[in-house]
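S.K.: Just one file: final13.txt, with compact mmCIF, C-alpha atoms.
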```
# COMPACT_ATOMS: atom_id res chain seq x y z
CA MET A 1 0.00 0.00 0.00
CA GLU A 2 1.55 3.25 -1.09
CA THR A 3 0.14 6.50 0.25
CA ASN A 4 1.40 9.99 -0.32
CA ALA A 5 0.94 11.83 3.00
CA LYS A 6 1.56 15.31 1.56
CA SER A 7 -1.19 15.13 -1.05
CA LYS A 8 -3.39 12.66 0.85
CA SER A 9 -3.56 10.20 -2.00
CA TYR A 10 -3.13 6.52 -2.74
CA THR A 11 -1.16 5.12 -5.69
CA LEU A 12 -3.18 2.42 -7.46
CA ASN A 13 -1.76 -0.01 -10.00
CA VAL A 14 -4.48 -1.80 -11.98
CA ALA A 15 -4.69 -3.37 -15.46
CA GLY A 16 -1.13 -2.25 -16.23
CA LEU A 17 -1.86 1.39 -15.40
CA THR A 18 -1.03 3.64 -12.45
CA ARG A 19 -3.40 6.23 -11.04
CA GLU A 20 -3.14 8.57 -8.06
CA LEU A 21 -6.41 8.41 -6.09
CA PRO A 22 -7.37 11.23 -3.72
CA LEU A 23 -8.28 10.23 -0.18
CA CYS A 24 -11.76 11.38 0.84
CA GLU A 25 -13.22 11.52 4.32
CA VAL A 26 -16.19 9.21 4.94
CA ASN A 27 -16.34 10.18 8.62
CA GLU A 28 -13.95 11.19 11.41
CA HIS A 29 -12.65 7.61 11.63
CA LEU A 30 -12.28 6.65 7.96
CA ASP A 31 -10.99 7.86 4.59
CA ILE A 32 -11.41 6.05 1.30
CA ALA A 33 -9.49 6.36 -1.95
CA ALA A 34 -11.77 7.83 -4.63
CA PHE A 35 -11.70 5.62 -7.73
CA ILE A 36 -13.48 7.42 -10.57
CA MET A 37 -13.39 5.90 -14.05
CA PHE A 38 -15.45 8.69 -15.64
CA SER A 39 -13.42 10.54 -18.31
CA ASP A 40 -10.56 8.03 -18.10
CA VAL A 41 -11.06 6.08 -21.31
CA GLU A 42 -7.65 4.41 -21.12
CA LEU A 43 -8.40 3.06 -17.64
CA THR A 44 -11.93 1.96 -18.53
CA VAL A 45 -10.79 0.05 -21.63
CA ALA A 46 -7.84 -1.59 -19.86
CA CYS A 47 -9.93 -2.68 -16.87
CA ALA A 48 -12.73 -4.01 -19.09
CA LYS A 49 -10.27 -6.11 -21.09
CA GLU A 50 -8.79 -7.61 -17.93
CA LEU A 51 -12.18 -8.32 -16.32
CA VAL A 52 -13.50 -10.01 -19.46
CA LYS A 53 -10.65 -12.52 -19.13
CA LYS A 54 -11.93 -13.53 -15.64
CA ILE A 55 -15.69 -13.73 -16.07
CA PRO A 56 -17.97 -16.63 -17.00
CA GLU A 57 -20.05 -16.56 -20.18
CA CYS A 58 -23.05 -14.27 -19.92
CA ASP A 59 -25.92 -12.91 -22.00
CA VAL A 60 -26.54 -9.73 -20.01
CA ILE A 61 -24.34 -7.37 -18.01
CA ILE A 62 -26.09 -5.23 -15.41
CA THR A 63 -24.70 -2.37 -13.35
CA ALA A 64 -26.05 0.24 -10.96
CA GLU A 65 -26.16 3.84 -12.10
CA SER A 66 -23.76 5.57 -12.49
CA LYS A 67 -20.06 4.88 -12.01
CA GLY A 68 -20.29 1.34 -13.39
CA ILE A 69 -21.89 2.40 -16.68
CA PRO A 70 -18.71 3.04 -18.71
CA LEU A 71 -17.24 -0.25 -17.50
CA ALA A 72 -20.40 -2.27 -18.28
CA TYR A 73 -20.59 -0.69 -21.74
CA GLU A 74 -16.94 -1.39 -22.50
CA MET A 75 -17.16 -4.97 -21.23
CA ALA A 76 -20.22 -5.60 -23.42
CA ARG A 77 -18.42 -4.05 -26.39
CA GLU A 78 -15.33 -6.17 -25.70
CA ILE A 79 -17.38 -9.38 -25.53
CA GLY A 80 -19.34 -8.57 -28.67
CA ASP A 81 -22.86 -8.61 -30.08
CA SER A 82 -23.96 -11.57 -27.99
CA VAL A 83 -24.12 -9.43 -24.80
CA THR A 84 -26.48 -6.61 -23.82
CA TYR A 85 -25.90 -4.27 -20.92
CA ILE A 86 -28.60 -2.87 -18.65
CA VAL A 87 -28.43 -0.06 -16.12
CA ALA A 88 -30.36 -0.16 -12.84
CA ARG A 89 -31.39 3.49 -12.52
CA LYS A 90 -31.38 5.63 -9.35
CA MET A 91 -34.72 7.20 -10.22
CA ALA A 92 -37.80 5.95 -12.00
CA LYS A 93 -37.93 7.52 -15.45
CA LEU A 94 -40.98 8.60 -17.44
CA TYR A 95 -40.28 5.99 -20.12
CA MET A 96 -40.31 3.12 -17.63
CA ARG A 97 -43.36 0.84 -17.67
CA ASN A 98 -44.24 -1.01 -14.48
CA PRO A 99 -40.78 -0.43 -12.98
CA ILE A 100 -39.52 -2.57 -10.14
CA SER A 101 -37.31 -1.18 -7.38
CA VAL A 102 -35.17 -2.14 -4.40
CA ASP A 103 -33.61 -0.05 -1.61
CA VAL A 104 -29.86 0.51 -1.47
CA LYS A 105 -27.40 2.27 0.85
CA SER A 106 -23.89 2.86 -0.47
CA ILE A 107 -20.75 3.91 1.41
CA THR A 108 -20.30 6.83 -1.02
CA THR A 109 -23.89 8.09 -0.83
CA ALA A 110 -25.23 10.08 2.13
CA SER A 111 -28.74 8.63 2.22
CA SER A 112 -30.66 5.53 1.21
CA GLN A 113 -31.73 5.34 -2.41
CA LYS A 114 -33.68 3.04 -4.67
CA LEU A 115 -32.55 1.25 -7.79
CA TRP A 116 -35.13 0.96 -10.56
CA LEU A 117 -35.50 -1.41 -13.49
CA ASP A 118 -37.98 -1.11 -16.33
CA GLN A 119 -40.33 -4.08 -16.75
CA ASN A 120 -39.13 -4.58 -20.35
CA GLU A 121 -35.54 -4.91 -19.12
CA ALA A 122 -36.67 -7.29 -16.38
CA ASN A 123 -38.52 -9.38 -18.96
CA PHE A 124 -35.44 -9.38 -21.20
CA MET A 125 -33.28 -10.81 -18.37
CA LYS A 126 -35.67 -13.63 -17.53
CA GLY A 127 -33.89 -16.96 -17.94
CA LYS A 128 -30.69 -15.32 -19.21
CA ARG A 129 -27.17 -15.59 -17.78
CA VAL A 130 -26.56 -12.28 -15.99
CA LEU A 131 -23.26 -10.79 -14.84
CA ILE A 132 -23.36 -8.02 -12.22
CA VAL A 133 -20.65 -5.38 -12.76
CA ASP A 134 -19.49 -2.45 -10.62
CA ASP A 135 -16.46 -0.22 -10.38
CA VAL A 136 -15.78 -0.87 -6.67
CA ILE A 137 -17.30 -3.39 -4.28
CA SER A 138 -16.99 -2.21 -0.68
CA THR A 139 -19.85 -2.90 1.72
CA GLY A 140 -21.67 -4.95 -0.93
CA GLU A 141 -24.92 -3.00 -0.47
CA SER A 142 -25.15 -1.86 -4.11
CA LEU A 143 -24.22 -5.33 -5.29
CA GLU A 144 -26.95 -6.88 -3.13
CA ALA A 145 -29.55 -4.43 -4.45
CA VAL A 146 -28.73 -5.28 -8.08
CA HIS A 147 -28.71 -8.97 -7.12
CA LYS A 148 -32.29 -8.61 -5.81
CA LEU A 149 -33.43 -6.88 -9.02
CA VAL A 150 -31.97 -9.67 -11.15
CA GLU A 151 -33.55 -12.37 -8.98
CA TYR A 152 -36.92 -10.61 -9.10
CA ALA A 153 -36.64 -10.44 -12.90
CA GLY A 154 -35.86 -14.15 -13.11
CA GLY A 155 -32.31 -13.76 -14.40
CA ASN A 156 -29.66 -16.38 -13.61
CA ILE A 157 -26.69 -14.69 -11.95
CA VAL A 158 -23.47 -16.24 -13.24
CA GLY A 159 -21.04 -13.87 -11.54
CA GLN A 160 -20.35 -10.58 -9.81
CA CYS A 161 -17.31 -8.48 -10.60
CA ALA A 162 -15.63 -5.14 -10.07
CA VAL A 163 -12.37 -3.47 -10.86
CA LEU A 164 -11.61 -3.07 -7.16
CA ALA A 165 -12.57 -4.83 -3.94
CA GLU A 166 -12.32 -2.39 -1.06
CA GLY A 167 -11.55 -3.33 2.52
CA ASP A 168 -13.11 -6.62 3.66
CA ALA A 169 -14.71 -7.14 0.23
CA ALA A 170 -11.31 -8.36 -0.94
CA ASP A 171 -11.84 -11.45 1.25
CA ARG A 172 -15.09 -12.41 -0.49
CA THR A 173 -15.04 -15.59 -2.56
CA ASP A 174 -18.20 -14.81 -4.56
CA ILE A 175 -16.76 -11.94 -6.64
CA PHE A 176 -14.17 -11.42 -9.35
CA PHE A 177 -11.97 -8.31 -9.13
CA LEU A 178 -8.68 -6.99 -10.44
CA GLU A 179 -7.11 -5.36 -7.38
CA LYS A 180 -7.61 -4.78 -3.67
CA LEU A 181 -8.26 -1.23 -2.47
CA PRO A 182 -7.41 -0.58 1.17
CA LEU A 183 -9.45 1.49 3.59
CA PHE A 184 -7.69 4.28 5.47
CA PRO A 185 -8.63 4.35 9.17
CA LYS A 186 -7.64 7.51 11.03
```
Translate this file's structure into structure tokens.
M.R.:
Amino acid sequence: METNAKSKSYTLNVAGLTRELPLCEVNEHLDIAAFIMFSDVELTVACAKELVKKIPECDVIITAESKGIPLAYEMAREIGDSVTYIVARKMAKLYMRNPISVDVKSITTASSQKLWLDQNEANFMKGKRVLIVDDVISTGESLEAVHKLVEYAGGNIVGQCAVLAEGDAADRTDIFFLEKLPLFPK
């Protein structure tokens, strides 16, 4: 674990790339390293390529809005036309018909939220092999919420993966990930 005390950052090496992650305060006892793939096309593509090497065959990739979207898209593109990706939304949208929802509480979000899935997307997943994708798995709350949506829709979960497993999540045996991300107790 390499931290830079002056700039309060953590040096991450993943998928052959190095990134400096800023440390952010969760509370007076804990900081986390902020891993943001948005705008970093090189990182997104490299991580998607490496994750695709580890995952089982799937028909559908699903992720929670929003930080997992570029990764899910790039993984689906990397796999090819046989895979569709779906986004569990944080708000019900006007275009959604008979949406289903589950509650979720994430370490990086101040309050509880819901994840929503359109009935057409739920119907599409029924009986299909579904891979759950996220950027970081930490407490597992977001992962569990997406898991519930897929189960409700009748999809068959074949795997769960992320670029990083943070803290105790790195000890889980039910996920695929590329690198461990430490927590930073104060």
S.K.: Just checking: using all atoms listed in the file, which residue out of A:Val136, A:Ala162, A:Leu117, A:Ala169 ends up closest to Lys148 in chain A?
M.R.: A:Leu117
S.K.: Please report, as a tab-separated table, each residue of range 85-164 of chain A lying at most 12 Å from range 59-73 of chain A, together with the nearest pair of atoms and the separation in Å rounded to one decimal; use all atoms listed in the file, and order rows by chain and ascending residue number.
M.R.:
```
residue	atom	partner	partner_atom	distance
A:Tyr85	CA	A:Ile61	CA	4.5
A:Ile86	CA	A:Ile62	CA	4.7
A:Val87	CA	A:Thr63	CA	5.2
A:Ala88	CA	A:Ala64	CA	4.7
A:Arg89	CA	A:Glu65	CA	5.3
A:Lys90	CA	A:Glu65	CA	6.2
A:Met91	CA	A:Glu65	CA	9.4
A:Ala92	CA	A:Glu65	CA	11.8
A:Ser101	CA	A:Ala64	CA	11.9
A:Val102	CA	A:Ala64	CA	11.5
A:Val104	CA	A:Ala64	CA	10.2
A:Ser106	CA	A:Ala64	CA	11.0
A:Thr108	CA	A:Lys67	CA	11.2
A:Thr109	CA	A:Ser66	CA	11.9
A:Gln113	CA	A:Glu65	CA	11.3
A:Lys114	CA	A:Ala64	CA	10.3
A:Leu115	CA	A:Ala64	CA	7.3
A:Trp116	CA	A:Ala64	CA	9.1
A:Leu117	CA	A:Ala64	CA	9.9
A:Glu121	CA	A:Ile62	CA	10.2
A:Ala122	CA	A:Ile62	CA	10.8
A:Phe124	CA	A:Val60	CA	9.0
A:Met125	CA	A:Val60	CA	7.0
A:Lys126	CA	A:Val60	CA	10.2
A:Gly127	CA	A:Asp59	CA	9.8
A:Lys128	CA	A:Asp59	CA	6.0
A:Arg129	CA	A:Asp59	CA	5.2
A:Val130	CA	A:Val60	CA	4.8
A:Leu131	CA	A:Ile61	CA	4.8
A:Ile132	CA	A:Ile62	CA	5.0
A:Val133	CA	A:Thr63	CA	5.1
A:Asp134	CA	A:Gly68	CA	4.8
A:Asp135	CA	A:Gly68	CA	5.1
A:Val136	CA	A:Gly68	CA	8.4
A:Ile137	CA	A:Gly68	CA	10.7
A:Glu141	CA	A:Ala64	CA	11.0
A:Ser142	CA	A:Ala64	CA	7.2
A:Leu143	CA	A:Ala64	CA	8.2
A:Glu144	CA	A:Ala64	CA	10.6
A:Ala145	CA	A:Ala64	CA	8.7
A:Val146	CA	A:Ala64	CA	6.8
A:His147	CA	A:Ile62	CA	9.5
A:Lys148	CA	A:Ile62	CA	11.9
A:Leu149	CA	A:Ile62	CA	9.9
A:Val150	CA	A:Ile62	CA	8.5
A:Gly155	CA	A:Val60	CA	9.0
A:Asn156	CA	A:Val60	CA	9.7
A:Ile157	CA	A:Val60	CA	9.5
A:Val158	CA	A:Asp59	CA	9.7
A:Gly159	CA	A:Ile61	CA	9.7
A:Gln160	CA	A:Ile62	CA	9.6
A:Cys161	CA	A:Thr63	CA	10.0
A:Ala162	CA	A:Gly68	CA	8.6
A:Val163	CA	A:Leu71	CA	8.8
A:Leu164	CA	A:Gly68	CA	11.6
```
S.K.: Using CA of Gly154 in chain A and CA of Lys53 in chain A as the two end points, give the distance in Å to one decimal.
M.R.: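 Interatomic distance, CA of Gly154 in chain A to CA of Lys53 in chain A: 26.0 Å.
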S.K.: Which neighbours of Asn120 in chain A fall inside 10 Å, counting all atoms listed in the file, when residues of the same chain fewer than 5 positions from it are skipped, and could you give them as a VMD selection string?
M.R.: chain A and resid 96 to 99 125 153
S.K.: Which residues are near range 29-42 of chain A? Cut-off 8 Å, all atoms listed in the file, ignore same chain within fewer than 6 positions. Put them as a PyMOL selection string.
M.R.: chain A and resi 9-10+21-23+67+70+135-136+181-186
S.K.: To one decimal place in Å, what is the distance between CA of Ile55 in chain A and CA of Arg19 in chain A?
M.R.: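 Result for CA of Ile55 in chain A versus CA of Arg19 in chain A: 24.0 Å, one decimal.
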S.K.: Within 9 Å of Val52 in chain A, counting only C-alpha atoms, which residues show up once you throw out same-chain ones fewer than 5 positions away? Write them as a PyMOL selection string, please.
M.R.: chain A and resi 47+75-76+78-79
S.K.: Go through A:Leu94, A:Cys24, A:Ala170, A:Ala15 and flag the residue nearest Ala48 in chain A, using all atoms listed in the file for the distances.
M.R.: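 For Ala48 in chain A, the nearest of the candidates is A:Ala15.
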S.K.: Just give me the gap between CA of Glu151 in chain A and CA of Asp118 in chain A in Å, one decimal is fine.
M.R.: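 According to the coordinates, CA of Glu151 in chain A and CA of Asp118 in chain A are separated by 14.2 Å.
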